[in-house]
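Participant: work.cif is the file, holding mmCIF, C-alpha atoms:
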data_structure
#
loop_
_atom_site.label_atom_id
_atom_site.label_comp_id
_atom_site.auth_asym_id
_atom_site.auth_seq_id
_atom_site.Cartn_x
_atom_site.Cartn_y
_atom_site.Cartn_z
CA MET A 238 106.87 77.06 113.88
CA ASN A 239 110.59 77.70 113.53
CA SER A 240 111.12 76.01 110.23
CA THR A 241 108.54 78.23 108.53
CA ARG A 242 109.30 81.56 110.24
CA ASP A 243 110.50 83.34 107.09
CA ILE A 244 107.69 81.86 105.03
CA ASP A 245 105.09 82.91 107.61
CA ALA A 246 106.55 86.42 107.69
CA LEU A 247 106.43 86.57 103.89
CA ILE A 248 102.78 85.45 103.85
CA GLU A 249 101.88 88.00 106.51
CA MET A 250 103.51 90.80 104.55
CA MET A 251 102.02 89.75 101.22
CA ALA A 252 98.59 89.75 102.89
CA LYS A 253 99.00 93.51 103.44
CA LEU A 254 98.96 94.21 99.71
CA PRO A 255 95.68 95.61 98.41
CA GLY A 256 93.60 92.88 96.80
CA LEU A 257 95.28 90.08 98.76
CA GLY A 258 94.12 88.60 102.05
CA PRO A 259 95.67 85.87 104.22
CA ARG A 260 94.28 83.07 102.05
CA SER A 261 95.37 84.47 98.70
CA ALA A 262 98.73 85.48 100.20
CA ARG A 263 99.32 81.85 101.21
CA ARG A 264 98.40 80.67 97.72
CA ALA A 265 100.67 83.28 96.14
CA VAL A 266 103.62 82.40 98.38
CA LEU A 267 103.28 78.64 97.75
CA HIS A 268 103.04 79.37 94.03
CA MET A 269 106.18 81.52 94.19
CA ILE A 270 108.12 78.90 96.14
CA ARG A 271 107.18 76.29 93.53
CA LYS A 272 108.30 78.63 90.74
CA ARG A 273 111.38 79.78 92.57
CA GLU A 274 113.63 80.40 89.57
CA LEU A 275 110.91 81.86 87.38
CA LEU A 276 109.08 83.97 89.91
CA LEU A 277 110.38 84.24 93.47
CA SER A 278 114.01 85.14 92.79
CA PRO A 279 113.31 87.57 89.91
CA LEU A 280 110.52 89.22 91.93
CA ALA A 281 112.85 89.67 94.90
CA ASP A 282 115.49 91.23 92.64
CA LEU A 283 113.01 93.52 90.87
CA MET A 284 111.46 94.67 94.14
CA GLY A 285 114.87 95.40 95.60
CA GLN A 286 115.76 97.39 92.49
CA VAL A 287 112.50 99.34 92.40
CA ALA A 288 112.79 100.06 96.14
CA VAL A 289 116.05 101.86 95.38
CA THR A 290 115.23 103.52 92.06
CA ALA A 291 111.54 104.44 92.14
CA ARG A 292 110.95 108.18 92.51
CA GLU A 293 108.41 110.84 91.73
CA CYS A 294 108.92 112.93 88.63
CA HIS A 295 110.16 116.34 89.75
CA THR A 296 107.74 118.08 87.37
CA CYS A 297 104.48 116.14 87.30
CA GLY A 298 104.61 113.64 90.17
CA ASN A 299 104.44 110.52 87.97
CA ILE A 300 106.34 107.53 89.35
CA GLY A 301 109.39 106.36 87.44
CA THR A 302 113.07 105.79 87.91
CA THR A 303 114.35 109.08 86.53
CA GLU A 304 114.29 112.63 87.92
CA THR A 305 111.98 113.74 85.11
CA CYS A 306 109.57 111.19 83.64
CA ASP A 307 109.40 110.18 79.98
CA ILE A 308 106.12 111.99 79.45
CA CYS A 309 107.52 115.30 80.71
CA LEU A 310 110.67 114.81 78.63
CA SER A 311 108.97 113.64 75.44
CA GLU A 312 109.06 116.04 72.53
CA LYS A 313 106.14 114.26 70.91
CA ARG A 314 103.70 115.39 73.59
CA ALA A 315 101.61 118.48 72.92
CA ASN A 316 102.78 121.52 74.86
CA GLY A 317 100.25 123.80 76.41
CA MET A 318 97.86 121.18 77.83
CA ILE A 319 97.94 119.66 81.30
CA CYS A 320 95.65 116.92 82.55
CA VAL A 321 95.32 117.07 86.34
CA VAL A 322 94.79 113.68 88.04
CA GLU A 323 94.53 112.67 91.67
CA ASP A 324 96.85 109.72 91.59
CA VAL A 325 99.55 107.99 89.55
CA ALA A 326 97.12 105.13 88.94
CA ASP A 327 94.78 107.61 87.20
CA LEU A 328 97.66 108.87 85.03
CA TRP A 329 98.44 105.28 84.02
CA ALA A 330 94.76 104.66 83.23
CA MET A 331 94.70 107.75 80.97
CA GLU A 332 97.90 106.57 79.26
CA ARG A 333 96.42 103.11 78.63
CA ALA A 334 93.50 104.76 76.85
CA GLY A 335 96.24 106.36 74.74
CA VAL A 336 94.14 109.27 73.60
CA PHE A 337 95.55 112.23 75.53
CA ARG A 338 98.71 113.65 73.98
CA GLY A 339 99.47 116.47 76.42
CA ARG A 340 101.24 116.27 79.78
CA TYR A 341 100.04 115.44 83.27
CA HIS A 342 100.04 116.76 86.78
CA VAL A 343 99.55 114.31 89.65
CA LEU A 344 98.10 115.95 92.77
CA GLY A 345 98.81 113.02 95.06
CA GLY A 346 95.39 113.11 96.73
CA THR A 347 92.40 115.37 97.17
CA LEU A 348 91.74 118.27 99.51
CA SER A 349 90.27 117.02 102.76
CA ALA A 350 89.63 119.12 105.84
CA LEU A 351 89.04 115.97 107.89
CA ASP A 352 92.41 114.44 107.01
CA GLN A 353 94.09 117.87 107.15
CA VAL A 354 95.10 117.77 103.51
CA GLY A 355 95.43 121.35 102.23
CA PRO A 356 96.76 122.71 98.92
CA GLU A 357 100.33 122.61 100.29
CA GLN A 358 100.07 118.87 100.98
CA LEU A 359 99.00 118.31 97.36
CA ARG A 360 101.01 119.43 94.36
CA ILE A 361 98.77 122.46 93.70
CA PRO A 362 101.33 125.30 94.10
CA ARG A 363 103.60 123.40 91.68
CA LEU A 364 100.69 123.26 89.20
CA VAL A 365 100.22 127.02 89.44
CA ASP A 366 103.96 127.49 88.76
CA ARG A 367 103.81 125.23 85.72
CA ILE A 368 101.00 127.26 84.12
CA GLU A 369 103.41 130.18 83.69
CA ALA A 370 106.61 128.26 83.12
CA GLU A 371 105.21 126.00 80.39
CA ASN A 372 102.80 128.44 78.74
CA ILE A 373 99.82 126.25 79.49
CA THR A 374 96.59 127.24 77.76
CA GLU A 375 94.26 124.38 78.80
CA VAL A 376 93.97 122.48 82.07
CA ILE A 377 91.79 119.35 82.02
CA LEU A 378 90.58 118.41 85.49
CA ALA A 379 90.29 114.60 85.43
CA LEU A 380 89.33 114.22 89.07
CA ALA A 381 86.93 111.75 90.59
CA ALA A 382 83.23 112.63 90.69
CA THR A 383 83.26 112.43 94.50
CA VAL A 384 82.75 115.24 97.00
CA GLU A 385 86.52 115.46 97.67
CA GLY A 386 87.38 115.27 93.98
CA GLN A 387 84.93 118.01 93.07
CA THR A 388 86.01 120.23 96.01
CA THR A 389 89.57 119.93 94.78
CA ALA A 390 88.51 120.69 91.21
CA HIS A 391 86.70 123.84 92.36
CA TYR A 392 89.69 125.00 94.38
CA ILE A 393 92.03 124.54 91.41
CA ALA A 394 89.54 126.26 89.12
CA ASP A 395 89.51 129.25 91.51
CA GLN A 396 93.31 129.42 91.48
CA LEU A 397 93.64 129.26 87.71
CA GLU A 398 90.58 131.28 86.65
CA ASP A 399 91.18 133.73 83.79
CA ARG A 400 94.66 132.32 83.19
CA VAL A 401 93.81 129.13 81.28
CA THR A 402 90.88 127.35 79.68
CA LEU A 403 89.53 124.90 82.28
CA THR A 404 87.75 121.73 81.24
CA SER A 405 86.73 118.53 82.97
CA LEU A 406 86.03 114.99 81.75
CA ALA A 407 82.49 114.44 80.48
CA GLN A 408 80.14 112.53 82.74
CA GLY A 409 77.61 110.02 81.43
CA VAL A 410 76.90 106.41 80.62
CA PRO A 411 80.12 104.32 80.40
CA ILE A 412 80.75 102.58 77.06
CA GLY A 413 79.23 99.11 77.35
CA GLY A 414 77.33 100.14 80.47
CA GLU A 415 73.74 99.03 80.93
CA LEU A 416 71.29 101.59 82.29
CA ASP A 417 69.85 99.02 84.64
CA TYR A 418 73.15 98.78 86.54
CA LEU A 419 73.91 102.51 86.70
CA ASP A 420 73.37 104.62 89.80
CA ASP A 421 70.86 107.47 89.79
CA GLY A 422 73.55 110.17 89.82
CA THR A 423 75.14 108.89 86.61
CA ILE A 424 71.79 108.62 84.84
CA THR A 425 70.87 112.16 85.95
CA ALA A 426 74.24 113.50 84.73
CA ALA A 427 73.90 111.67 81.41
CA LEU A 428 70.36 112.98 80.88
CA ASN A 429 71.28 116.55 81.74
CA ALA A 430 74.22 116.45 79.32
CA ARG A 431 72.25 114.78 76.52
CA LYS A 432 73.37 115.49 72.97
CA ALA A 433 71.50 116.02 69.72
CA LEU A 434 72.00 113.08 67.35
CA MET B 429 108.62 103.94 78.57
CA ASN B 430 112.22 103.89 79.71
CA SER B 431 111.74 105.58 83.02
CA THR B 432 109.24 102.94 84.16
CA ARG B 433 110.87 99.82 82.72
CA ASP B 434 111.63 98.20 86.08
CA ILE B 435 108.24 99.17 87.45
CA ASP B 436 106.47 97.76 84.38
CA ALA B 437 108.45 94.54 84.69
CA LEU B 438 107.53 94.30 88.37
CA ILE B 439 103.84 94.82 87.58
CA GLU B 440 103.97 92.20 84.83
CA MET B 441 105.55 89.66 87.16
CA MET B 442 103.21 90.40 90.07
CA ALA B 443 100.29 89.87 87.67
CA LYS B 444 101.42 86.24 87.29
CA LEU B 445 100.66 85.48 90.94
CA PRO B 446 97.45 83.54 91.53
CA GLY B 447 94.65 85.87 92.59
CA LEU B 448 96.24 88.94 90.99
CA GLY B 449 95.62 90.27 87.51
CA PRO B 450 97.14 93.24 85.68
CA ARG B 451 94.87 95.74 87.44
CA SER B 452 95.42 94.48 90.98
CA ALA B 453 99.15 94.05 90.26
CA ARG B 454 99.36 97.75 89.34
CA ARG B 455 97.52 98.71 92.52
CA ALA B 456 99.76 96.47 94.61
CA VAL B 457 102.95 97.86 93.05
CA LEU B 458 101.88 101.51 93.53
CA HIS B 459 100.96 100.69 97.12
CA MET B 460 104.35 99.07 97.70
CA ILE B 461 106.22 102.01 96.16
CA ARG B 462 104.34 104.38 98.45
CA LYS B 463 105.18 102.20 101.46
CA ARG B 464 108.73 101.59 100.37
CA GLU B 465 110.35 101.28 103.80
CA LEU B 466 107.47 99.38 105.37
CA LEU B 467 106.60 97.04 102.53
CA LEU B 468 108.67 97.05 99.35
CA SER B 469 112.17 96.72 100.83
CA PRO B 470 111.25 94.18 103.53
CA LEU B 471 109.27 92.14 100.98
CA ALA B 472 112.24 92.12 98.59
CA ASP B 473 114.52 90.94 101.41
CA LEU B 474 112.12 88.26 102.64
CA MET B 475 111.53 86.94 99.14
CA GLY B 476 115.26 86.79 98.47
CA GLN B 477 115.75 84.91 101.73
CA VAL B 478 112.89 82.47 101.14
CA ALA B 479 114.11 81.86 97.57
CA VAL B 480 117.38 80.61 99.06
CA THR B 481 116.14 78.77 102.14
CA ALA B 482 112.73 77.27 101.26
CA ARG B 483 112.86 73.50 100.84
CA GLU B 484 110.68 70.45 101.10
CA CYS B 485 110.82 68.40 104.29
CA HIS B 486 112.81 65.27 103.52
CA THR B 487 110.27 63.13 105.35
CA CYS B 488 106.80 64.49 104.67
CA GLY B 489 107.12 67.04 101.84
CA ASN B 490 105.96 70.04 103.91
CA ILE B 491 107.61 73.32 102.92
CA GLY B 492 109.93 74.95 105.42
CA THR B 493 113.51 76.12 105.76
CA THR B 494 114.97 73.06 107.46
CA GLU B 495 115.78 69.58 106.15
CA THR B 496 113.13 68.04 108.40
CA CYS B 497 110.08 70.14 109.26
CA ASP B 498 108.94 71.05 112.78
CA ILE B 499 105.96 68.71 112.59
CA CYS B 500 108.13 65.71 111.75
CA LEU B 501 110.63 66.68 114.46
CA SER B 502 108.09 67.50 117.18
CA GLU B 503 107.96 65.08 120.09
CA LYS B 504 104.50 66.33 120.99
CA ARG B 505 102.98 64.83 117.87
CA ALA B 506 101.27 61.46 118.12
CA ASN B 507 103.32 58.69 116.52
CA GLY B 508 101.58 56.05 114.51
CA MET B 509 99.17 58.28 112.56
CA ILE B 510 99.76 59.85 109.17
CA CYS B 511 97.39 62.20 107.41
CA VAL B 512 97.92 62.07 103.63
CA VAL B 513 97.23 65.36 101.78
CA GLU B 514 97.58 66.37 98.17
CA ASP B 515 99.33 69.67 98.69
CA VAL B 516 101.21 71.78 101.23
CA ALA B 517 98.26 74.18 101.24
CA ASP B 518 96.05 71.33 102.48
CA LEU B 519 98.54 70.51 105.24
CA TRP B 520 98.48 74.16 106.33
CA ALA B 521 94.67 74.16 106.29
CA MET B 522 94.62 71.07 108.54
CA GLU B 523 97.13 72.72 110.89
CA ARG B 524 95.00 75.88 111.11
CA ALA B 525 92.09 73.73 112.24
CA GLY B 526 94.52 72.59 114.93
CA VAL B 527 92.72 69.34 115.64
CA PHE B 528 94.99 66.68 114.12
CA ARG B 529 97.93 65.77 116.36
CA GLY B 530 99.66 63.15 114.20
CA ARG B 531 102.04 63.70 111.31
CA TYR B 532 101.52 64.39 107.62
CA HIS B 533 102.50 63.15 104.23
CA VAL B 534 102.25 65.54 101.26
CA LEU B 535 101.81 63.73 97.94
CA GLY B 536 102.52 66.77 95.79
CA GLY B 537 99.61 66.14 93.43
CA THR B 538 97.18 63.42 92.40
CA LEU B 539 97.53 60.50 90.04
CA SER B 540 96.62 61.53 86.51
CA ALA B 541 97.01 59.40 83.41
CA LEU B 542 96.37 62.46 81.22
CA ASP B 543 99.17 64.50 82.78
CA GLN B 544 101.38 61.42 83.07
CA VAL B 545 101.55 61.61 86.85
CA GLY B 546 102.19 58.12 88.22
CA PRO B 547 102.98 56.93 91.77
CA GLU B 548 106.71 57.66 91.22
CA GLN B 549 105.98 61.32 90.43
CA LEU B 550 104.07 61.62 93.68
CA ARG B 551 105.52 60.80 97.08
CA ILE B 552 103.72 57.44 97.28
CA PRO B 553 106.73 55.06 97.52
CA ARG B 554 108.07 57.27 100.32
CA LEU B 555 104.72 56.88 102.12
CA VAL B 556 104.93 53.10 101.87
CA ASP B 557 108.46 53.25 103.33
CA ARG B 558 107.27 55.40 106.23
CA ILE B 559 104.57 52.89 107.23
CA GLU B 560 107.28 50.41 108.21
CA ALA B 561 109.90 52.82 109.44
CA GLU B 562 107.58 54.78 111.73
CA ASN B 563 105.31 51.93 112.88
CA ILE B 564 102.24 53.64 111.46
CA THR B 565 98.93 52.09 112.46
CA GLU B 566 96.45 54.53 110.89
CA VAL B 567 96.57 56.43 107.60
CA ILE B 568 93.96 59.16 107.12
CA LEU B 569 93.40 59.95 103.45
CA ALA B 570 92.49 63.64 103.38
CA LEU B 571 92.29 63.92 99.60
CA ALA B 572 89.89 66.00 97.54
CA ALA B 573 86.49 64.52 96.67
CA THR B 574 87.32 64.79 92.96
CA VAL B 575 87.84 61.97 90.47
CA GLU B 576 91.64 62.38 90.64
CA GLY B 577 91.63 62.65 94.42
CA GLN B 578 89.53 59.52 94.82
CA THR B 579 91.58 57.58 92.24
CA THR B 580 94.70 58.43 94.20
CA ALA B 581 93.02 57.45 97.47
CA HIS B 582 92.04 54.07 96.02
CA TYR B 583 95.55 53.45 94.72
CA ILE B 584 97.08 54.25 98.11
CA ALA B 585 94.47 52.09 99.84
CA ASP B 586 95.46 49.18 97.56
CA GLN B 587 99.13 49.63 98.42
CA LEU B 588 98.58 49.77 102.17
CA GLU B 589 95.75 47.27 102.56
CA ASP B 590 96.11 44.88 105.51
CA ARG B 591 99.09 46.82 106.84
CA VAL B 592 97.35 49.82 108.46
CA THR B 593 93.88 51.07 109.35
CA LEU B 594 92.75 53.30 106.47
CA THR B 595 90.29 56.14 107.04
CA SER B 596 89.16 59.16 105.07
CA LEU B 597 87.64 62.49 106.05
CA ALA B 598 83.87 62.44 106.50
CA GLN B 599 81.78 63.98 103.76
CA GLY B 600 78.67 66.00 104.47
CA VAL B 601 77.20 69.43 105.05
CA PRO B 602 79.91 72.02 105.90
CA ILE B 603 79.53 73.78 109.28
CA GLY B 604 77.55 76.96 108.61
CA GLY B 605 76.55 75.70 105.17
CA GLU B 606 73.00 76.20 103.95
CA LEU B 607 71.36 73.30 102.16
CA ASP B 608 70.04 75.65 99.50
CA TYR B 609 73.59 76.44 98.33
CA LEU B 610 74.98 72.89 98.40
CA ASP B 611 75.46 70.77 95.30
CA ASP B 612 73.50 67.55 94.82
CA GLY B 613 76.55 65.35 95.40
CA THR B 614 77.19 66.81 98.85
CA ILE B 615 73.54 66.49 99.87
CA THR B 616 73.49 62.88 98.67
CA ALA B 617 76.68 62.07 100.59
CA ALA B 618 75.34 63.76 103.74
CA LEU B 619 72.05 61.89 103.53
CA ASN B 620 73.71 58.53 102.94
CA ALA B 621 76.01 59.08 105.92
CA ARG B 622 73.23 60.35 108.21
CA LYS B 623 73.70 59.74 111.92
CA ALA B 624 71.28 58.83 114.72
CA LEU B 625 70.76 61.78 117.08
#
Show me this structure written as structure tokens.
Facilitator:
Amino acid sequence: MNSTRDIDALIEMMAKLPGLGPRSARRAVLHMIRKRELLLSPLADLMGQVAVTARECHTCGNIGTTETCDICLSEKRANGMICVVEDVADLWAMERAGVFRGRYHVLGGTLSALDQVGPEQLRIPRLVDRIEAENITEVILALAATVEGQTTAHYIADQLEDRVTLTSLAQGVPIGGELDYLDDGTITAALNARKAL
Amino acid sequence: MNSTRDIDALIEMMAKLPGLGPRSARRAVLHMIRKRELLLSPLADLMGQVAVTARECHTCGNIGTTETCDICLSEKRANGMICVVEDVADLWAMERAGVFRGRYHVLGGTLSALDQVGPEQLRIPRLVDRIEAENITEVILALAATVEGQTTAHYIADQLEDRVTLTSLAQGVPIGGELDYLDDGTITAALNARKAL
């Protein structure tokens, strides 16, 4: 249809977003058209703006609109500690928990021989540089408990051995988690790491 | 955070779309930022364009970018038949099925005393006008099988009685539907409308 060409194109593109399919994209687009002033126009403006200004922090790889992100610039953050995460989404998740007061380093993926991702493709050399430059004493490896995540953690541990204290996030039963719904691996890890009351 | 103000605002606004929450909005925004050239910029442009050009068809209420929509303009469509739907999404669903060759009329809602939606708030007077102007002989009421939908259908039927043939979509077991998963109302309707083989 000619009269809906732009709208069809918009639906098709929205359907490419993670979490949306053709049906939910149609619903979202109709909703936006109905709330044109409140939603569609401001969203278009914001997206245009972010498309121009979004960039990776030169130091840690966080996404923001400045050359160095607020976390790297903040004087309130503890020096000497770096939490290594795979992805910006993981950094944001850590920040929402609001408990870590050091700085971050976003790898931008995990090592993968299959996908030809080596240390150079990730931000690992930059991490090694930061250890010296920022007098880092502890590196927390907050990587996923998957084969790729753990391979990457081991590689980084090899690189940094003897230069810093290396730690990783504890594994176990999630808060609010019911044993019945947990996989065997998590239960095994939680049992092996059991603590005296 | 200052350096992520625009990005935070974008996430907050995306989270208002139906089908997206804060978590999926964050994922979608990170995905868009990573695919800036392919997704974020074109989406911003398309949204801006649609925000300016999207409008309701003067005749039937379909959403498009022209004063009269392609369906109303098409000479290939059967004259004399109008399918009445609640919402543009319903019109699009009918069109995807590709089986109805007449024209449509979008009410833009259902009658609701609670929400103070009367016939004037819907596109009902316009429907009555079209019956005469377009020599309509059959009106198919494709409204939801809810209380509001059926109230609206009855009201329209009262208005158009004796002037056109009134029909409604058949109710019964959906294609591919298993009896075990159907509600009692649907099974009752399907049994009452049973057909000789």
Participant: Counting all atoms listed in the file, collect the residues of chain B whose closest atom lies at most 9 Å from chain A, and write them out as a ChimeraX atom specification.
Facilitator: /B:429-435,437-438,441-442,444-448,452-461,464-465,467-483,491-499,516-517
Participant: Give me the result of the PyMOL selection byres ((chain A and resi 347-362) around 9) on this file, residue by residue, as a PyMOL selection string.
Facilitator: chain A and resi 297-298+323+342-346+363-367+380+385-390+392-393
Participant: Grab the atom CA of B:Glu562 to atom CA of B:Asp590 distance for me, in Å with one decimal place.
Facilitator: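 A separation of 16.4 Å between them.
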Participant: I need the output of the PyMOL selection byres ((chain A and resi 400) around 12) for this file as a compact mmCIF listing (two decimals) with C-alpha atoms, keeping the file's coordinate frame; which residues are they?
Facilitator:
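The result, written out as part.txt:
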# COMPACT_ATOMS: atom_id res chain seq x y z
CA VAL A 365 100.22 127.02 89.44
CA ASP A 366 103.96 127.49 88.76
CA ARG A 367 103.81 125.23 85.72
CA ILE A 368 101.00 127.26 84.12
CA GLU A 369 103.41 130.18 83.69
CA ASN A 372 102.80 128.44 78.74
CA ILE A 373 99.82 126.25 79.49
CA THR A 374 96.59 127.24 77.76
CA GLU A 375 94.26 124.38 78.80
CA VAL A 376 93.97 122.48 82.07
CA ILE A 393 92.03 124.54 91.41
CA ALA A 394 89.54 126.26 89.12
CA ASP A 395 89.51 129.25 91.51
CA GLN A 396 93.31 129.42 91.48
CA LEU A 397 93.64 129.26 87.71
CA GLU A 398 90.58 131.28 86.65
CA ASP A 399 91.18 133.73 83.79
CA VAL A 401 93.81 129.13 81.28
CA THR A 402 90.88 127.35 79.68
CA LEU A 403 89.53 124.90 82.28
Participant: Taking only C-alpha atoms into account, name the residue in B:Pro602, B:Gly530, B:Gly508, B:Gly613 that is nearest to B:Thr574.
Facilitator: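 Result for the nearest residue to B:Thr574: B:Gly613.
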Participant: Would you kindly translate the PyMOL selection byres ((chain A and resi 321) around 7) into the concrete residues it picks from this file, as a list of chain:residue names?
Facilitator: A:Ile319, A:Cys320, A:Val322, A:Glu323, A:Tyr341, A:His342, A:Val343, A:Ile377, A:Leu378, A:Ala379
Participant: Kindly indicate which residue among A:Glu312, A:Gly409, A:Glu249, A:Met331 lies nearest to A:Asp421, using only C-alpha atoms for the distances.
Facilitator: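 Among A:Glu312, A:Gly409, A:Glu249, A:Met331, it is A:Gly409 that comes nearest to A:Asp421.
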